[in-house]
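Before any comments, here is the structure.
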Amino acid sequence: MNVTVYTNRTDGEIRNFWNHIVFHPTDAIEDDWGQKILNQIAEDRAAKTVRIYNMFEDIVTLGEDGQLAYDYTLNDYRIDYLLAHGFTPMISYAFVPPFMAQNASETSSMSKNKKRYKGKMIVTSPPKDYKLWETLCYEYTAHLVSRYGEDTVASWRLQCWNEPDIKSFWMKDEPDVNVRCAEYCRLYDGFEAGLRAVSEKLCIGGPALAKHIDFLELFLAYIRKSGKKLDFISFHDYGVQLKELQAKTGRISAANHLERIDRICDLVKKYGFSDLPLIMDEWGMCSHGFANTEECPDLICRENEVFSAYFAKMITLFDEKRIPIEKMMICLSGQHEMVTDFSGFRNFFTLNFFRKPIYNAFSLAAKLGDIRLSYRTDGECPDLSVLPTGFADGNKAILLSCAAEHFDSAWGSVPVKLTFDGLDAEYRVRLWVIDRTHANAIQRYEELGAPEHPDEAQIAELRRAGELYGTDAPDVGRDNREVSFAMTDNSVVLCELIRK
């Protein structure tokens, strides 16, 4: 496979829409294990935005005098922690506190266990008093602005609820999508009014759609007709549904995301919102973050090199097709439910904190530049994806992934030659590799016999196997313009050129 990168031909700016995460459960931010994860992500600069719930149930209670009583201690700790580590928050205003719900017993867990983290539950009921909901949104937002400043909070994304189009999060007992959306629009009205009363500068939106496009159309039609403030449109997209993977009626593919995004873009255009940012505020290779290999053995792909190749192929595909996404945020969930390593949950690290290939791929993607470079490939390379980027200082970073559409190829090792056309200086070259035998702890885990409870020596060995290491290659410049290496199926390579 031959790839020529034209280092003096740019193809426009490219903004990093891919290094963003959803951190579940939100209330692990104040716990040692949650901080350990976030500390590592911050150290590696592997994520920019972190989406969380504000968890109203931790903030507001009904006092004996019948008035709302606010305690922002946990909320402030969580947000302070994110800001101190360089993250930008995206906050979902959810969920209704039990005392404010029409039916406090209308709950769901959305987890592998009967209850969520720390024994909490989601109240899916609408508020019994929407004016009280508006007051709650106002008071909370006023607190944010008072504590962090209007301009800072205005740089965040604030959204109303999470996945109101499915019963797990909104109106558990209501099957009619028209009724559900109408009630959500009332919820959004209170949210919008409460936040606008604090500041018109704030960036607000929704609906954090799970999957029902008809719900989104009803919501957009309502916003167009009512003139309510909407600064961004958020939706979730999981490439394949768990039940399809289980039944073998669906397969993983980065291209699975395109049809749904096209339909959403068509709706956005239909209702005159094409100028609004689109945020994919949850994404994954497969739905159901609380499911693992117990429910579907195929979810082992969340643990190995397949997921890293999927991610690289996905962002390259989105860039090639100029998909108008401001942010895509991988959903990290099931983190607190692990009892063994490599069990197929949707997260960056295993139980014993071995780096997964998907995390290593995030770390590599964070090294990409903000200038898109032109390139060409010689011959047919259907399995090769290329994302060449540059920096204002002249450095380059080229991301390559080699994988079949369904990540099921096994064609061994293929030589790749990168040729850099137009270099005007000498550059050091550094290669970073993720594949079956590089930056991939599960391969060594299997060689050790897949120990359910690895000992200290095995843990140390597996940590080393999961580490991401760069290696030096021969310099390039005006005289030597080529870098050669081999790629295997489902592999990712980042080639860095650093001006000497």
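Chain lettering (A, B, ...) mirrors the order of the structure tokens, residue numbering begins at 1 for each chain separately, and ligand numbering begins at 1 in order of display.
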
What's around His236 of chain A at 10 Å? Count only C-alpha atoms, leave out sequence neighbours fewer than 2 positions away in its own chain, and write the answer as number ranges by chain. A: 162-163, 207-211, 234, 238-239, 260-261, 279-284, 287, 328-331

Per DSSP on the backbone, what are the strand (DSSP E or B) residues of segment 231-283 of chain A, as number ranges by chain? A: 232-240, 278-283

For the selection you just gave me, I'd like the residues written to a file as a tab-separated table (two decimals), in the first residue's frame, keeping C-alpha atoms.
```tsv
chain	number	residue	atom	x	y	z
A	232	PHE	CA	-27.57	22.99	19.45
A	233	ILE	CA	-29.21	19.67	18.61
A	234	SER	CA	-27.95	16.57	20.40
A	235	PHE	CA	-28.48	12.92	19.58
A	236	HIS	CA	-26.99	9.52	20.32
A	237	ASP	CA	-25.88	6.91	17.85
A	238	TYR	CA	-24.76	3.34	18.43
A	239	GLY	CA	-23.60	1.60	15.29
A	240	VAL	CA	-25.53	-1.61	15.91
A	278	LEU	CA	-24.98	18.91	15.90
A	279	ILE	CA	-23.58	17.05	18.89
A	280	MET	CA	-23.43	13.28	19.00
A	281	ASP	CA	-23.35	13.31	22.78
A	282	GLU	CA	-23.23	9.52	23.04
A	283	TRP	CA	-21.78	7.05	20.61
```

Find, counting only C-alpha atoms, the residue in A:Phe345, A:Tyr148, A:Ile300, A:Leu468 that gets nearest to Asp80 of chain A.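 That would be A:Tyr148, the residue with the smallest distance to Asp80 of chain A.
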
Residues within 6 Å of Asp435 of chain A, please, as a list in words. Count only C-alpha atoms; anything in the same chain fewer than 2 positions from it doesn't count. Glu305, Thr437, His438 and Ser491 of chain A

Give me a file of those residues, with all heavy atoms, as a PDB file, in the first residue's frame.
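Written output follows (selection-v5.pdb):
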```pdb
ATOM      1  N   GLU A 305      -8.249  -4.929  19.673  1.00  0.00           N
ATOM      2  CA  GLU A 305      -7.833  -3.975  18.643  1.00  0.00           C
ATOM      3  C   GLU A 305      -8.943  -3.589  17.680  1.00  0.00           C
ATOM      4  O   GLU A 305      -8.827  -2.591  16.954  1.00  0.00           O
ATOM      5  CB  GLU A 305      -6.641  -4.544  17.866  1.00  0.00           C
ATOM      6  CG  GLU A 305      -6.935  -5.748  16.984  1.00  0.00           C
ATOM      7  CD  GLU A 305      -6.976  -7.071  17.731  1.00  0.00           C
ATOM      8  OE1 GLU A 305      -6.836  -7.071  18.978  1.00  0.00           O
ATOM      9  OE2 GLU A 305      -7.147  -8.113  17.078  1.00  0.00           O
ATOM     10  N   THR A 437      -0.549  -7.157  18.726  1.00  0.00           N
ATOM     11  CA  THR A 437       0.599  -7.373  19.609  1.00  0.00           C
ATOM     12  C   THR A 437       1.204  -6.079  20.153  1.00  0.00           C
ATOM     13  O   THR A 437       2.205  -6.126  20.856  1.00  0.00           O
ATOM     14  CB  THR A 437       1.701  -8.160  18.867  1.00  0.00           C
ATOM     15  OG1 THR A 437       2.082  -7.444  17.689  1.00  0.00           O
ATOM     16  CG2 THR A 437       1.197  -9.545  18.497  1.00  0.00           C
ATOM     17  N   HIS A 438       0.620  -4.933  19.835  1.00  0.00           N
ATOM     18  CA  HIS A 438       1.124  -3.654  20.328  1.00  0.00           C
ATOM     19  C   HIS A 438       0.010  -2.902  21.052  1.00  0.00           C
ATOM     20  O   HIS A 438      -1.107  -2.788  20.535  1.00  0.00           O
ATOM     21  CB  HIS A 438       1.640  -2.777  19.177  1.00  0.00           C
ATOM     22  CG  HIS A 438       2.837  -3.320  18.469  1.00  0.00           C
ATOM     23  ND1 HIS A 438       2.726  -4.241  17.448  1.00  0.00           N
ATOM     24  CD2 HIS A 438       4.163  -3.078  18.636  1.00  0.00           C
ATOM     25  CE1 HIS A 438       3.943  -4.536  17.002  1.00  0.00           C
ATOM     26  NE2 HIS A 438       4.825  -3.849  17.709  1.00  0.00           N
ATOM     27  N   SER A 491      -5.467  -2.736  12.549  1.00  0.00           N
ATOM     28  CA  SER A 491      -4.358  -2.018  13.172  1.00  0.00           C
ATOM     29  C   SER A 491      -4.518  -0.519  12.971  1.00  0.00           C
ATOM     30  O   SER A 491      -5.201  -0.058  12.053  1.00  0.00           O
ATOM     31  CB  SER A 491      -3.019  -2.486  12.605  1.00  0.00           C
ATOM     32  OG  SER A 491      -2.948  -2.230  11.213  1.00  0.00           O
TER      33      SER A 491
END
```

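Nearest-residue note for Val492 of chain A: choosing from A:Pro97, A:Gly466, A:Gly66, A:Pro357, the minimum distance belongs to A:Pro357, counting only C-alpha atoms.
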
Hey, which of A:Glu452, A:Asp176, A:Val416, A:Glu303 ends up closest to Val339 of chain A? Count only C-alpha atoms.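 Using only C-alpha atoms, Val339 of chain A sits closest to A:Glu452.
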
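With distances restricted to only C-alpha atoms, A:Gly206 is the closest residue to Trp161 of chain A from A:Gly119, A:Gly194, A:Gly289, A:Gly206.
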
Distance atom CA of Tyr138 of chain A-atom CA of Trp170 of chain A, one decimal place? 21.2 Å

I'd like to know which of A:Pro451, A:Phe362, A:Ala255, A:Phe348 is closest to Phe318 of chain A, using only C-alpha atoms.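 Smallest distance to Phe318 of chain A is found for A:Ala255.
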
Quote the spacing between atom CA of Arg436 of chain A and atom CA of Lys321 of chain A in Å to one decimal place. 28.8 Å

I want to know what sits within 10 Å of Ala365 of chain A, based on only C-alpha atoms, with residues of the same chain fewer than 4 positions away left out; could you give that as a compact mmCIF listing (two decimals) with N, CA, C and O atoms, in the first residue's frame?
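This is the output file selection.txt:
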```txt
# COMPACT_ATOMS: atom_id res chain seq x y z
N ASN A 16 -10.93 19.15 16.07
CA ASN A 16 -11.02 17.87 16.79
C ASN A 16 -12.43 17.68 17.32
O ASN A 16 -12.79 18.20 18.37
N TRP A 18 -13.54 14.58 17.89
CA TRP A 18 -13.59 13.18 18.32
C TRP A 18 -13.11 12.92 19.74
O TRP A 18 -13.44 11.90 20.31
N ASN A 19 -12.31 13.80 20.35
CA ASN A 19 -11.77 13.53 21.68
C ASN A 19 -12.67 14.07 22.78
O ASN A 19 -12.32 15.01 23.51
N ALA A 46 -6.47 13.02 26.50
CA ALA A 46 -7.24 12.15 25.60
C ALA A 46 -8.70 12.58 25.47
O ALA A 46 -9.43 11.98 24.69
N ALA A 47 -9.15 13.56 26.22
CA ALA A 47 -10.52 14.06 26.10
C ALA A 47 -10.55 15.53 26.43
O ALA A 47 -9.82 16.01 27.30
N PHE A 311 -12.70 3.09 15.80
CA PHE A 311 -12.66 4.52 16.12
C PHE A 311 -11.89 5.31 15.06
O PHE A 311 -12.36 6.35 14.57
N ALA A 312 -10.70 4.83 14.71
CA ALA A 312 -9.89 5.53 13.71
C ALA A 312 -10.60 5.56 12.36
O ALA A 312 -10.60 6.59 11.66
N ILE A 315 -13.67 8.18 12.56
CA ILE A 315 -13.40 9.62 12.48
C ILE A 315 -12.84 9.98 11.10
O ILE A 315 -13.11 11.08 10.59
N TYR A 359 -8.78 3.14 24.31
CA TYR A 359 -8.21 4.30 25.01
C TYR A 359 -6.91 4.73 24.34
O TYR A 359 -6.64 5.94 24.16
N ASN A 360 -6.10 3.78 23.97
CA ASN A 360 -4.86 4.12 23.28
C ASN A 360 -5.13 4.84 21.96
O ASN A 360 -4.39 5.75 21.58
N ALA A 361 -6.20 4.44 21.28
CA ALA A 361 -6.57 5.12 20.03
C ALA A 361 -7.00 6.56 20.30
O ALA A 361 -6.69 7.47 19.51
N GLY A 369 -3.34 17.16 14.13
CA GLY A 369 -3.31 18.60 13.98
C GLY A 369 -4.63 19.18 13.52
O GLY A 369 -5.61 18.45 13.32
N LEU A 387 -5.90 9.76 7.54
CA LEU A 387 -6.27 11.11 7.97
C LEU A 387 -4.97 11.88 8.21
O LEU A 387 -4.38 11.83 9.29
N ALA A 397 1.05 14.98 11.53
CA ALA A 397 0.59 13.76 12.21
C ALA A 397 -0.39 13.07 11.28
O ALA A 397 -1.42 13.66 10.91
N ILE A 398 -0.08 11.85 10.91
CA ILE A 398 -0.91 11.10 9.96
C ILE A 398 -1.45 9.87 10.67
O ILE A 398 -0.68 9.05 11.19
N LEU A 399 -2.77 9.75 10.69
CA LEU A 399 -3.43 8.60 11.31
C LEU A 399 -3.85 7.62 10.22
O LEU A 399 -4.54 8.01 9.27
N LEU A 494 -0.06 5.84 14.00
CA LEU A 494 0.10 7.29 13.91
C LEU A 494 1.56 7.57 13.58
O LEU A 494 2.46 7.11 14.28
```
